[in-house]
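J.: Quick one, target.txt (compact mmCIF, C-alpha atoms and all ligand atoms):
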```txt
# COMPACT_ATOMS: atom_id res chain seq x y z
CA MET V 1 183.65 -19.63 97.22
CA PRO V 2 183.21 -21.08 100.75
CA LEU V 3 183.89 -18.41 103.36
CA PHE V 4 184.60 -20.57 106.39
CA LEU V 5 187.91 -22.30 105.64
CA GLU V 6 190.00 -25.05 107.19
CA GLU V 7 192.43 -22.41 108.48
CA HIS V 8 189.59 -20.71 110.38
CA ARG V 9 188.65 -24.03 111.96
CA GLN V 10 192.30 -24.68 112.90
CA LEU V 11 192.78 -21.23 114.41
CA LEU V 12 189.67 -21.67 116.52
CA SER V 13 190.75 -25.08 117.77
CA PHE V 14 194.32 -23.86 118.58
CA ASN V 15 193.14 -20.72 120.35
CA TYR V 16 189.86 -21.83 121.87
CA PRO V 17 190.20 -25.62 122.37
CA GLY V 18 186.94 -27.48 122.88
CA ARG V 19 184.82 -24.55 121.70
CA GLY V 20 182.76 -26.24 118.99
CA ASP V 21 180.16 -23.53 119.62
CA LEU V 22 182.50 -20.98 117.99
CA VAL V 23 182.84 -23.12 114.87
CA GLU V 24 179.04 -23.45 114.73
CA ALA V 25 178.53 -19.70 115.16
CA LEU V 26 180.99 -18.87 112.37
CA GLU V 27 179.63 -21.54 110.03
CA SER V 28 176.17 -20.13 110.53
CA VAL V 29 177.32 -16.58 109.72
CA ALA V 30 179.21 -17.90 106.67
CA GLY V 31 176.07 -19.71 105.46
CA PHE V 32 174.00 -16.54 105.60
CA LEU V 33 176.70 -14.51 103.84
CA GLU V 34 177.10 -17.10 101.08
CA ASP V 35 173.33 -17.27 100.45
CA LYS V 36 172.23 -13.69 100.90
CA VAL V 37 175.19 -11.33 100.63
CA MET V 38 177.86 -12.69 98.27
CA PRO V 39 175.58 -13.12 95.26
CA MET V 40 174.48 -9.47 95.61
CA ALA V 41 177.84 -7.83 96.44
CA THR V 42 178.62 -6.59 92.93
CA LYS V 43 175.10 -5.20 92.55
CA PHE V 44 175.41 -3.40 95.90
CA ASP V 45 178.76 -1.98 94.75
CA GLN V 46 177.17 -0.74 91.53
CA HIS V 47 174.18 0.71 93.44
CA ALA V 48 172.09 -1.63 91.30
CA ALA V 49 170.24 -3.24 94.23
CA LYS V 50 168.82 -1.96 97.50
CA ILE V 51 171.05 -2.94 100.37
CA GLU V 52 169.28 -1.68 103.50
CA GLU V 53 167.18 -4.80 104.14
CA THR V 54 170.13 -7.21 103.68
CA ARG V 55 172.23 -5.10 106.06
CA LYS V 56 169.47 -5.14 108.67
CA GLU V 57 168.96 -8.89 108.19
CA LEU V 58 172.68 -9.47 108.80
CA LEU V 59 172.49 -7.38 111.97
CA ARG V 60 169.98 -9.96 113.22
CA GLN V 61 172.23 -12.97 112.45
CA GLY V 62 174.19 -12.84 115.70
CA VAL V 63 177.46 -11.29 114.42
CA CYS V 64 176.94 -8.15 116.50
CA GLN V 65 175.88 -10.12 119.56
CA MET V 66 179.05 -12.24 119.61
CA PRO V 67 181.35 -10.20 121.90
CA PHE V 68 178.65 -8.80 124.20
CA PRO V 69 177.59 -10.23 127.59
CA LYS V 70 174.62 -12.59 127.71
CA GLU V 71 172.76 -10.40 130.24
CA LEU V 72 172.57 -7.68 127.56
CA GLU V 73 171.38 -10.09 124.83
CA GLY V 74 174.91 -10.80 123.65
CA LEU V 75 176.33 -14.27 123.04
CA GLY V 76 179.30 -13.85 125.37
CA LEU V 77 181.78 -15.17 122.76
CA PRO V 78 185.48 -14.24 122.64
CA PHE V 79 186.48 -11.10 120.74
CA GLY V 80 188.69 -13.23 118.45
CA ALA V 81 185.63 -15.14 117.19
CA TYR V 82 183.86 -11.83 116.50
CA ALA V 83 186.92 -10.56 114.58
CA LEU V 84 186.82 -13.72 112.43
CA ALA V 85 183.09 -13.16 111.79
CA ILE V 86 183.92 -9.66 110.52
CA GLU V 87 186.66 -11.18 108.35
CA LEU V 88 184.06 -13.48 106.73
CA THR V 89 181.68 -10.55 106.28
CA GLY V 90 184.49 -8.47 104.73
CA ALA V 91 185.15 -11.26 102.23
CA ALA V 92 181.47 -11.25 101.24
CA ASP V 93 180.80 -7.48 101.18
CA ALA V 94 183.25 -5.07 102.80
CA GLY V 95 180.81 -2.15 102.93
CA ILE V 96 178.30 -4.16 104.94
CA ALA V 97 181.14 -5.32 107.22
CA LEU V 98 182.16 -1.68 107.78
CA SER V 99 178.61 -0.69 108.59
CA ILE V 100 178.11 -3.42 111.20
CA ALA V 101 181.59 -2.99 112.70
CA ILE V 102 180.95 0.73 113.34
CA HIS V 103 177.48 -0.12 114.69
CA ASN V 104 179.18 -2.42 117.22
CA THR V 105 181.82 0.20 118.14
CA ALA V 106 178.97 2.43 119.36
CA ALA V 107 177.50 -0.44 121.43
CA GLU V 108 180.97 -1.16 122.85
CA GLY V 109 181.28 2.48 123.97
CA ILE V 110 177.96 2.31 125.79
CA LEU V 111 178.93 -1.03 127.37
CA GLN V 112 182.33 0.22 128.57
CA PHE V 113 181.52 3.75 129.65
CA GLY V 114 177.74 4.07 129.94
CA SER V 115 175.60 4.01 133.08
CA GLU V 116 173.62 0.88 133.99
CA GLY V 117 170.50 2.63 132.67
CA GLN V 118 172.15 3.46 129.32
CA LYS V 119 173.43 -0.10 128.94
CA ARG V 120 170.00 -1.61 129.57
CA LYS V 121 168.25 0.93 127.38
CA TYR V 122 170.50 0.70 124.30
CA VAL V 123 172.91 -2.26 124.20
CA PRO V 124 170.36 -5.14 123.82
CA ASP V 125 168.51 -3.37 120.99
CA ILE V 126 171.75 -2.53 119.16
CA VAL V 127 173.46 -5.92 119.43
CA ALA V 128 170.31 -7.83 118.52
CA GLY V 129 169.88 -5.59 115.46
CA ARG V 130 166.58 -3.98 116.48
CA LYS V 131 168.32 -0.59 116.40
CA VAL V 132 171.12 0.70 114.18
CA ALA V 133 173.98 2.64 115.77
CA SER V 134 176.64 5.06 114.60
CA PHE V 135 179.91 6.52 115.93
CA ALA V 136 180.40 10.23 115.26
CA LEU V 137 183.86 11.64 116.02
CA THR V 138 185.37 13.06 112.79
CA GLU V 139 184.54 16.64 111.77
CA PRO V 140 185.08 18.60 108.56
CA THR V 141 188.15 20.29 110.09
CA SER V 142 189.39 17.61 112.51
CA GLY V 143 190.11 13.98 111.63
CA SER V 144 193.38 12.57 112.96
CA ASP V 145 193.51 15.53 115.36
CA ALA V 146 190.08 14.60 116.70
CA LYS V 147 190.61 16.37 120.01
CA ALA V 148 190.42 19.69 118.14
CA MET V 149 186.68 19.11 117.57
CA GLY V 150 184.49 22.16 117.01
CA THR V 151 181.10 20.61 117.87
CA LYS V 152 180.08 22.03 121.22
CA ALA V 153 177.76 20.82 123.96
CA ALA V 154 176.60 23.65 126.24
CA ARG V 155 174.80 23.11 129.54
CA ASP V 156 171.17 24.19 129.31
CA GLY V 157 169.20 23.75 132.53
CA GLU V 158 169.15 20.03 133.24
CA GLY V 159 170.51 18.99 129.86
CA PHE V 160 172.88 19.98 127.03
CA VAL V 161 172.50 21.70 123.66
CA LEU V 162 174.75 20.46 120.84
CA ASN V 163 175.78 22.58 117.85
CA GLY V 164 178.22 21.69 115.07
CA SER V 165 178.73 18.94 112.52
CA LYS V 166 180.44 15.62 111.96
CA ALA V 167 181.92 14.45 108.65
CA PHE V 168 182.13 11.05 106.92
CA ILE V 169 179.88 9.28 109.43
CA THR V 170 179.05 5.65 108.66
CA ASN V 171 175.35 4.74 109.07
CA ALA V 172 174.44 8.45 109.29
CA GLY V 173 170.78 9.00 108.50
CA GLU V 174 169.97 5.31 109.03
CA ALA V 175 170.99 4.97 112.65
CA ASP V 176 168.60 5.13 115.60
CA VAL V 177 171.41 5.83 118.09
CA TYR V 178 174.46 8.11 117.66
CA PHE V 179 177.50 7.92 119.96
CA VAL V 180 178.64 11.53 119.61
CA PHE V 181 181.68 13.46 120.83
CA ALA V 182 181.35 17.19 121.58
CA ALA V 183 183.47 19.75 123.39
CA THR V 184 182.34 20.93 126.84
CA PRO V 185 184.19 23.35 129.18
CA LYS V 186 185.83 20.30 130.84
CA GLY V 187 187.05 18.95 127.46
CA PRO V 188 185.66 16.52 124.85
CA SER V 189 182.67 14.59 126.21
CA SER V 190 180.53 11.82 124.80
CA PHE V 191 176.75 11.70 124.40
CA ILE V 192 174.07 9.36 123.16
CA VAL V 193 171.84 11.21 120.69
CA GLU V 194 168.75 9.45 119.36
CA GLY V 195 168.18 9.53 115.60
CA SER V 196 164.67 10.95 116.10
CA ASN V 197 166.04 14.11 117.80
CA PRO V 198 164.67 17.13 115.83
CA GLY V 199 168.04 18.92 116.25
CA LEU V 200 169.74 16.33 114.01
CA SER V 201 169.96 16.51 110.24
CA PHE V 202 172.00 14.61 107.67
CA GLY V 203 173.83 15.22 104.39
CA GLU V 204 173.50 13.21 101.20
CA ASP V 205 175.01 9.72 101.04
CA LEU V 206 178.54 10.52 99.78
CA PRO V 207 179.65 8.99 96.47
CA LYS V 208 182.63 6.80 97.35
CA LEU V 209 185.52 4.97 95.66
CA GLY V 210 184.49 1.79 97.50
CA MET V 211 182.71 0.52 100.61
CA ARG V 212 179.47 1.25 98.82
CA GLY V 213 177.59 -1.23 100.96
CA SER V 214 177.78 1.38 103.74
CA ARG V 215 176.14 4.79 103.96
CA THR V 216 178.45 7.74 104.72
CA SER V 217 177.33 11.31 105.28
CA GLU V 218 177.50 14.43 107.38
CA VAL V 219 175.62 14.67 110.69
CA ARG V 220 174.57 18.18 111.71
CA PHE V 221 173.55 19.36 115.17
CA SER V 222 171.45 22.47 115.28
CA ASP V 223 170.34 23.42 118.80
CA CYS V 224 170.14 19.68 119.39
CA ARG V 225 168.81 19.30 122.95
CA VAL V 226 169.60 16.17 124.92
CA PRO V 227 168.74 15.34 128.55
CA ALA V 228 171.51 15.21 131.19
CA GLU V 229 171.31 11.39 131.20
CA SER V 230 172.57 11.39 127.59
CA LEU V 231 176.07 12.20 128.80
CA VAL V 232 178.15 9.01 128.70
CA GLY V 233 180.50 8.54 131.64
CA GLU V 234 182.28 11.60 132.99
CA GLU V 235 182.25 15.03 131.39
CA GLY V 236 185.66 15.80 129.84
CA MET V 237 186.61 12.11 129.40
CA GLY V 238 185.23 11.71 125.87
CA PHE V 239 188.57 11.69 124.09
CA GLU V 240 189.91 8.94 126.39
CA TYR V 241 186.77 6.91 125.66
CA ALA V 242 187.16 7.45 121.90
CA LYS V 243 190.74 6.18 121.98
CA LYS V 244 189.71 3.02 123.86
CA MET V 245 186.77 2.40 121.52
CA LEU V 246 189.00 2.81 118.49
CA ASN V 247 191.53 0.27 119.80
CA GLY V 248 188.96 -2.55 119.65
CA SER V 249 187.64 -1.26 116.37
CA ARG V 250 191.12 -1.31 114.82
CA ILE V 251 191.45 -5.07 115.37
CA VAL V 252 188.14 -5.50 113.58
CA MET V 253 189.17 -3.22 110.68
CA GLY V 254 192.31 -5.33 110.31
CA SER V 255 190.20 -8.49 110.16
CA LEU V 256 187.85 -6.87 107.66
CA CYS V 257 190.86 -6.24 105.41
CA VAL V 258 192.06 -9.84 105.81
CA GLY V 259 188.61 -10.85 104.51
CA ILE V 260 188.85 -8.48 101.54
CA ALA V 261 192.29 -9.90 100.71
CA GLN V 262 191.05 -13.49 101.04
CA ALA V 263 188.24 -12.82 98.55
CA ALA V 264 190.62 -11.22 96.02
CA PHE V 265 193.05 -14.12 96.53
CA GLU V 266 190.45 -16.84 95.92
CA LYS V 267 189.36 -15.17 92.69
CA SER V 268 192.99 -14.85 91.56
CA ILE V 269 193.66 -18.55 92.14
CA GLU V 270 190.58 -19.57 90.18
CA TYR V 271 191.42 -17.25 87.30
CA ALA V 272 195.13 -18.17 87.19
CA ARG V 273 194.20 -21.85 86.84
CA SER V 274 191.85 -21.22 83.92
CA ARG V 275 193.52 -18.39 81.96
CA LYS V 276 195.78 -19.67 79.20
CA ALA V 277 198.82 -17.89 77.74
CA PHE V 278 201.76 -19.21 75.73
CA GLY V 279 200.19 -22.66 75.71
CA SER V 280 199.65 -23.12 79.44
CA ALA V 281 197.62 -21.87 82.37
CA ILE V 282 199.14 -18.66 83.74
CA SER V 283 199.29 -20.41 87.16
CA GLU V 284 202.23 -22.38 85.71
CA PHE V 285 204.39 -19.25 85.38
CA GLN V 286 206.85 -18.59 88.19
CA LEU V 287 206.13 -14.87 88.37
CA ILE V 288 202.42 -15.58 88.92
CA ARG V 289 203.32 -18.23 91.50
CA GLU V 290 205.44 -15.66 93.34
CA LYS V 291 202.36 -13.44 93.61
CA VAL V 292 200.25 -16.35 94.85
CA ALA V 293 202.87 -17.17 97.51
CA ASP V 294 203.18 -13.53 98.67
CA MET V 295 199.40 -13.03 98.73
CA LYS V 296 198.83 -16.15 100.82
CA THR V 297 201.69 -15.37 103.24
CA GLY V 298 200.41 -11.83 103.79
CA ILE V 299 196.86 -13.03 104.46
CA THR V 300 198.02 -15.62 106.99
CA ALA V 301 200.24 -13.07 108.75
CA GLY V 302 197.43 -10.47 108.87
CA ARG V 303 194.93 -12.98 110.23
CA LEU V 304 197.35 -14.05 112.97
CA LEU V 305 198.21 -10.46 113.94
CA CYS V 306 194.51 -9.63 114.29
CA LEU V 307 193.82 -12.75 116.33
CA HIS V 308 196.86 -12.03 118.51
CA ALA V 309 195.60 -8.50 119.21
CA ALA V 310 192.17 -9.96 120.01
CA ARG V 311 193.72 -12.47 122.41
CA VAL V 312 195.65 -9.70 124.20
CA ARG V 313 192.37 -7.78 124.47
CA GLU V 314 190.63 -10.85 125.90
CA SER V 315 193.41 -11.18 128.52
CA GLY V 316 192.51 -7.77 129.91
CA ALA V 317 196.00 -6.32 129.14
CA ASP V 318 196.50 -3.07 127.25
CA PHE V 319 196.23 -3.92 123.55
CA GLY V 320 196.50 -0.48 121.86
CA SER V 321 199.83 -1.18 120.18
CA GLU V 322 198.87 -4.73 119.10
CA ALA V 323 195.62 -3.40 117.62
CA ALA V 324 197.49 -0.68 115.73
CA GLN V 325 200.06 -3.20 114.43
CA ALA V 326 197.28 -5.54 113.28
CA LYS V 327 195.48 -2.71 111.49
CA VAL V 328 198.54 -1.14 109.82
CA PHE V 329 199.81 -4.50 108.57
CA SER V 330 196.47 -5.98 107.48
CA THR V 331 195.17 -2.89 105.71
CA GLU V 332 198.41 -2.37 103.77
CA MET V 333 198.72 -6.11 103.07
CA SER V 334 195.16 -6.12 101.74
CA LEU V 335 195.93 -3.31 99.31
CA ARG V 336 198.98 -5.21 98.01
CA VAL V 337 196.98 -8.44 97.64
CA CYS V 338 194.11 -6.69 95.83
CA ASP V 339 196.58 -4.93 93.55
CA SER V 340 198.19 -8.31 92.73
CA ALA V 341 194.73 -9.73 92.02
CA ILE V 342 194.12 -6.99 89.42
CA GLN V 343 197.53 -7.82 87.91
CA VAL V 344 196.73 -11.56 87.74
CA PHE V 345 193.45 -10.76 85.93
CA GLY V 346 195.27 -8.41 83.50
CA GLY V 347 192.88 -6.16 81.56
CA TYR V 348 189.92 -8.02 83.03
CA GLY V 349 191.09 -6.99 86.49
CA TYR V 350 191.02 -3.32 85.57
CA THR V 351 187.59 -3.53 83.96
CA THR V 352 185.67 -6.00 86.16
CA ASP V 353 183.85 -4.53 89.16
CA ASP V 354 183.91 -7.82 91.01
CA VAL V 355 187.74 -7.82 90.92
CA HIS V 356 188.66 -4.17 91.40
CA ARG V 357 185.97 -3.50 94.03
CA HIS V 358 188.16 -5.35 96.55
CA TRP V 359 191.02 -2.87 96.00
CA ARG V 360 188.55 0.06 96.11
CA ASP V 361 187.08 -1.26 99.39
CA ALA V 362 190.47 -1.89 101.01
CA ARG V 363 191.66 1.60 100.05
CA LEU V 364 189.57 3.21 102.80
CA LEU V 365 191.16 1.38 105.65
CA THR V 366 194.65 2.86 105.68
CA ILE V 367 192.69 6.10 106.33
CA GLY V 368 189.61 5.38 108.48
CA GLU V 369 189.82 4.52 112.21
CA GLY V 370 193.36 5.92 112.45
CA THR V 371 195.54 6.51 109.40
CA SER V 372 198.64 4.34 108.89
CA GLU V 373 200.79 7.41 109.65
CA VAL V 374 199.07 8.12 112.97
CA LEU V 375 199.09 4.44 113.99
CA ARG V 376 202.81 4.12 113.23
CA MET V 377 203.33 7.12 115.55
CA LEU V 378 201.32 5.30 118.24
CA ILE V 379 203.29 2.04 117.89
CA ALA V 380 206.65 3.84 117.90
CA ARG V 381 205.68 6.02 120.89
CA ARG V 382 204.85 2.95 122.99
CA GLU V 383 208.00 1.09 121.96
CA LEU V 384 210.27 4.07 122.62
CA ALA V 385 208.72 4.65 126.04
CA ARG V 386 209.23 1.02 127.07
CA SER V 387 211.97 0.38 129.62
CA LEU V 388 214.68 -1.94 128.25
C1 LIG Y 401 184.05 6.06 104.04
C2 LIG Y 401 184.45 6.67 105.35
C3 LIG Y 401 183.79 6.27 106.52
C4 LIG Y 401 184.12 6.85 107.75
N1 LIG Y 401 183.39 6.53 108.87
C5 LIG Y 401 183.59 7.24 110.01
C6 LIG Y 401 182.72 7.06 111.15
O1 LIG Y 401 181.80 6.23 111.13
N2 LIG Y 401 182.91 7.83 112.25
C7 LIG Y 401 183.91 8.76 112.31
O2 LIG Y 401 184.03 9.44 113.33
N3 LIG Y 401 184.77 8.96 111.26
C8 LIG Y 401 184.61 8.22 110.12
N4 LIG Y 401 185.45 8.44 109.03
C9 LIG Y 401 186.50 9.43 109.13
C10 LIG Y 401 187.91 8.82 109.20
O3 LIG Y 401 188.09 8.19 110.44
C11 LIG Y 401 188.90 9.97 108.95
O4 LIG Y 401 188.84 10.25 107.55
C12 LIG Y 401 190.31 9.63 109.38
O5 LIG Y 401 190.39 9.59 110.79
C13 LIG Y 401 191.34 10.65 108.86
O6 LIG Y 401 190.96 11.96 109.11
P1 LIG Y 401 190.95 13.03 107.91
O7 LIG Y 401 190.22 12.44 106.77
O8 LIG Y 401 190.45 14.31 108.47
O9 LIG Y 401 192.46 13.18 107.51
P2 LIG Y 401 193.56 14.11 108.21
O10 LIG Y 401 193.58 13.85 109.67
O11 LIG Y 401 193.39 15.51 107.76
O12 LIG Y 401 194.89 13.52 107.57
C14 LIG Y 401 195.32 13.84 106.25
C15 LIG Y 401 196.70 13.20 106.07
O13 LIG Y 401 197.63 13.79 107.00
C16 LIG Y 401 198.27 12.75 107.74
N5 LIG Y 401 198.58 13.21 109.08
C17 LIG Y 401 197.75 13.81 109.98
N6 LIG Y 401 198.42 14.08 111.12
C18 LIG Y 401 199.68 13.62 110.94
C19 LIG Y 401 200.86 13.58 111.74
N7 LIG Y 401 200.86 14.06 112.99
N8 LIG Y 401 201.99 13.05 111.21
C20 LIG Y 401 202.00 12.53 109.97
N9 LIG Y 401 200.92 12.55 109.15
C21 LIG Y 401 199.78 13.06 109.63
C22 LIG Y 401 197.26 11.61 107.77
O14 LIG Y 401 197.87 10.38 108.07
C23 LIG Y 401 196.70 11.69 106.35
O15 LIG Y 401 197.56 11.03 105.47
C24 LIG Y 401 185.15 7.83 107.81
C25 LIG Y 401 185.85 8.20 106.64
C26 LIG Y 401 185.50 7.66 105.43
C27 LIG Y 401 186.21 8.12 104.20
```
Take the structure in this file and express it as structure tokens.

T.:
Amino acid sequence: MPLFLEEHRQLLSFNYPGRGDLVEALESVAGFLEDKVMPMATKFDQHAAKIEETRKELLRQGVCQMPFPKELEGLGLPFGAYALAIELTGAADAGIALSIAIHNTAAEGILQFGSEGQKRKYVPDIVAGRKVASFALTEPTSGSDAKAMGTKAARDGEGFVLNGSKAFITNAGEADVYFVFAATPKGPSSFIVEGSNPGLSFGEDLPKLGMRGSRTSEVRFSDCRVPAESLVGEEGMGFEYAKKMLNGSRIVMGSLCVGIAQAAFEKSIEYARSRKAFGSAISEFQLIREKVADMKTGITAGRLLCLHAARVRESGADFGSEAAQAKVFSTEMSLRVCDSAIQVFGGYGYTTDDVHRHWRDARLLTIGEGTSEVLRMLIARRELARSL
């Protein structure tokens, strides 16, 4: 299954005319994914092959560098091209796509809110894939209500001491750099904690329904001392930073789900053409054709919503609502498409890992990075506050 499609090429030429470099960058990512990731995806899902090296190799293929400035070893490409690269990665292996998207969210936080010293020290290594990064906000007792975090950072001489724990953290235990949120007397604040810090420890890799190409575990802070220069931005501003970081990340999670849906769709088309029932291919039946039409329409709509949100982001305007719309629609669309794919495959859909893993992978993303319920509240709040 080729990952880079004619519709990707068209979207790039409509939105970024004359940018053949974007086509080249995406074709190169697609080539790597087709050679190295897609053939292994079912094995990664079944924990039947080691994934760490492939994940690290992908980090070095330029995907993470795409939206970052050239002076920090980025490629300086538009966010929309990066979102499409994550879509392609999601079609190949959604767990790997999740892992690298969260890695980039941490780099984005350092780029947007960090000091010049922090940017120079961490961003080039993260985006070029020499270091792995992680974003640690959720706690065992605070998810959607992230501001209610219990992890505390207390002043200690020149630095801070962190105590508490974070739950469900992607890349935990593998990352070299953690972008961490902890409560201080001025409110939630953000810190960079290095993976080698002796005050850090990690839980077991959690067994998951899907997204098995990513590692997820608890991160514990036990008298975890960090120097004053680990504080990112202003003390007490951490929650505002988290919200801004999550906005960009939500576009990418939407794109990831478009990729998952595209993969399930392609497999459904191939199967529907070859599976015979009542003397013909099942693709000849109207009720199967209705599914094909609805799957395709949903994928196109999701892809356009994500690209639209990316374009608003690139314009410098506030894009929180567009990002939330793109994520809510694309994640829910992806679940419907993957469910239809299982239906098209009949009993083989229910029993074949390579078909039902797409539904299992997509299932995370109406929960992670802002649940559908919370994002609908955000979209409605902005619309209702708008002057008519
Ligand atoms: C595989 C995986 C990877 C993850 N990776 C990361 C990561 O890298 N970093 C990180 O920080 N977190 C990560 N998370 C955590 C994820 O972001 C949270 O699970 C998510 O934000 C939801 O929080 P929660 O699970 O505590 O659910 P809760 O917030 O407890 O929500 C439970 C239910 O209540 C609903 N609800 C809550 N408040 C309201 C309301 N006001 N109105 C209506 N309904 C409401 C929710 O929508 C949901 O349906 C990950 C989670 C998983 C499973």

J.: Could the residues of chain V that have an atom at most 7 Å from ligand LIG 401 (chain Y) be listed as JSON lines, each with its closest atom pair and the distance in Å to one decimal, counting all atoms listed in the file and ordered by chain and ascending residue number?

T.:
```
{"residue": "V:Ile102", "atom": "CA", "partner": "Y:LIG401", "partner_atom": "O1", "distance": 6.0}
{"residue": "V:Ser134", "atom": "CA", "partner": "Y:LIG401", "partner_atom": "O1", "distance": 6.3}
{"residue": "V:Phe135", "atom": "CA", "partner": "Y:LIG401", "partner_atom": "N2", "distance": 4.9}
{"residue": "V:Ala136", "atom": "CA", "partner": "Y:LIG401", "partner_atom": "O2", "distance": 4.2}
{"residue": "V:Leu137", "atom": "CA", "partner": "Y:LIG401", "partner_atom": "O2", "distance": 3.5}
{"residue": "V:Thr138", "atom": "CA", "partner": "Y:LIG401", "partner_atom": "O2", "distance": 3.9}
{"residue": "V:Pro140", "atom": "CA", "partner": "Y:LIG401", "partner_atom": "O8", "distance": 6.9}
{"residue": "V:Thr141", "atom": "CA", "partner": "Y:LIG401", "partner_atom": "O8", "distance": 6.6}
{"residue": "V:Ser142", "atom": "CA", "partner": "Y:LIG401", "partner_atom": "O8", "distance": 5.3}
{"residue": "V:Gly143", "atom": "CA", "partner": "Y:LIG401", "partner_atom": "O8", "distance": 3.2}
{"residue": "V:Ser144", "atom": "CA", "partner": "Y:LIG401", "partner_atom": "O10", "distance": 3.5}
{"residue": "V:Asp145", "atom": "CA", "partner": "Y:LIG401", "partner_atom": "O10", "distance": 5.9}
{"residue": "V:Ala167", "atom": "CA", "partner": "Y:LIG401", "partner_atom": "N3", "distance": 6.7}
{"residue": "V:Phe168", "atom": "CA", "partner": "Y:LIG401", "partner_atom": "C24", "distance": 4.5}
{"residue": "V:Ile169", "atom": "CA", "partner": "Y:LIG401", "partner_atom": "O1", "distance": 4.0}
{"residue": "V:Thr170", "atom": "CA", "partner": "Y:LIG401", "partner_atom": "O1", "distance": 3.7}
{"residue": "V:Asn171", "atom": "CA", "partner": "Y:LIG401", "partner_atom": "O1", "distance": 6.9}
{"residue": "V:Lys208", "atom": "CA", "partner": "Y:LIG401", "partner_atom": "C1", "distance": 6.9}
{"residue": "V:Met211", "atom": "CA", "partner": "Y:LIG401", "partner_atom": "C1", "distance": 6.7}
{"residue": "V:Thr216", "atom": "CA", "partner": "Y:LIG401", "partner_atom": "C3", "distance": 5.8}
{"residue": "V:Leu364", "atom": "CA", "partner": "Y:LIG401", "partner_atom": "C27", "distance": 6.1}
{"residue": "V:Ile367", "atom": "CA", "partner": "Y:LIG401", "partner_atom": "C12", "distance": 5.2}
{"residue": "V:Gly368", "atom": "CA", "partner": "Y:LIG401", "partner_atom": "O3", "distance": 3.7}
{"residue": "V:Glu369", "atom": "CA", "partner": "Y:LIG401", "partner_atom": "O3", "distance": 4.4}
{"residue": "V:Gly370", "atom": "CA", "partner": "Y:LIG401", "partner_atom": "O5", "distance": 5.0}
{"residue": "V:Thr371", "atom": "CA", "partner": "Y:LIG401", "partner_atom": "O14", "distance": 4.7}
{"residue": "V:Ser372", "atom": "CA", "partner": "Y:LIG401", "partner_atom": "O14", "distance": 6.1}
{"residue": "V:Glu373", "atom": "CA", "partner": "Y:LIG401", "partner_atom": "O14", "distance": 4.5}
{"residue": "V:Val374", "atom": "CA", "partner": "Y:LIG401", "partner_atom": "O14", "distance": 5.5}
```

J.: Kindly indicate which residue among V:Ala172, V:Ala341, V:Ala362, V:Val177 lies nearest to Gly95 in chain V, using all atoms listed in the file for the distances.

T.: V:Ala362

J.: Which residue out of V:Gly80, V:Gly254, V:Gly164, V:Gly279 has the minimum interatomic distance to Ala301 in chain V when only C-alpha atoms are used?

T.: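 Distance minimum relative to Ala301 in chain V lands on V:Gly254.
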
J.: Looking at V:Gly213, V:Gly347, V:Gly233, V:Pro67, which one is nearest to Ala310 in chain V, with distances taken over all atoms listed in the file?

T.: V:Pro67

J.: Which value, in Å to one decimal, gives the distance between CA of Leu231 in chain V and CA of Met245 in chain V?

T.: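 So the two atoms, CA of Leu231 in chain V and CA of Met245 in chain V, lie 16.2 Å apart.
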
J.: So which one's closest to Ala85 in chain V, V:Glu57, V:Glu24, V:Glu71, V:Glu218? Using only C-alpha atoms, please.

T.: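 Using only C-alpha atoms, Ala85 in chain V sits closest to V:Glu24.
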
J.: In Å to one decimal, how far is CA of Leu162 in chain V from CA of Asp223 in chain V?

T.: 5.7 Å

J.: Taking all atoms listed in the file into account, which of V:Asp93, V:Glu322, V:Glu383, V:Glu6 comes nearest Ala41 in chain V?

T.: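 Of V:Asp93, V:Glu322, V:Glu383, V:Glu6, the one nearest Ala41 in chain V, counting all atoms listed in the file, is V:Asp93.
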
J.: Measure the distance from CA of Arg220 in chain V to CA of Ala128 in chain V in Å and round it to one decimal.

T.: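 Rounded to one decimal, the two atoms are 27.2 Å apart.
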
J.: Pick out the closest residue to Ile342 in chain V from this set: V:Leu378, V:Ala264, V:Leu365, V:Ala94. Count all atoms listed in the file.

T.: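 Result for the nearest residue to Ile342 in chain V: V:Ala264.
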
J.: So that I can see what lies close to Leu77 in chain V, please list as a VMD selection string the residues with an atom at most 12 Å from it, counting all atoms listed in the file and leaving out residues fewer than 5 positions away in the same chain.

T.: chain V and resid 12 16 19 to 26 62 to 70 82 to 85 310 314

J.: Store the residues of this selection in a file with C-alpha atoms, as a compact mmCIF listing (two decimals), keeping the file's coordinate frame.

T.:
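again14.txt was written with the following content:
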```txt
# COMPACT_ATOMS: atom_id res chain seq x y z
CA LEU V 12 189.67 -21.67 116.52
CA TYR V 16 189.86 -21.83 121.87
CA ARG V 19 184.82 -24.55 121.70
CA GLY V 20 182.76 -26.24 118.99
CA ASP V 21 180.16 -23.53 119.62
CA LEU V 22 182.50 -20.98 117.99
CA VAL V 23 182.84 -23.12 114.87
CA GLU V 24 179.04 -23.45 114.73
CA ALA V 25 178.53 -19.70 115.16
CA LEU V 26 180.99 -18.87 112.37
CA GLY V 62 174.19 -12.84 115.70
CA VAL V 63 177.46 -11.29 114.42
CA CYS V 64 176.94 -8.15 116.50
CA GLN V 65 175.88 -10.12 119.56
CA MET V 66 179.05 -12.24 119.61
CA PRO V 67 181.35 -10.20 121.90
CA PHE V 68 178.65 -8.80 124.20
CA PRO V 69 177.59 -10.23 127.59
CA LYS V 70 174.62 -12.59 127.71
CA TYR V 82 183.86 -11.83 116.50
CA ALA V 83 186.92 -10.56 114.58
CA LEU V 84 186.82 -13.72 112.43
CA ALA V 85 183.09 -13.16 111.79
CA ALA V 310 192.17 -9.96 120.01
CA GLU V 314 190.63 -10.85 125.90
```
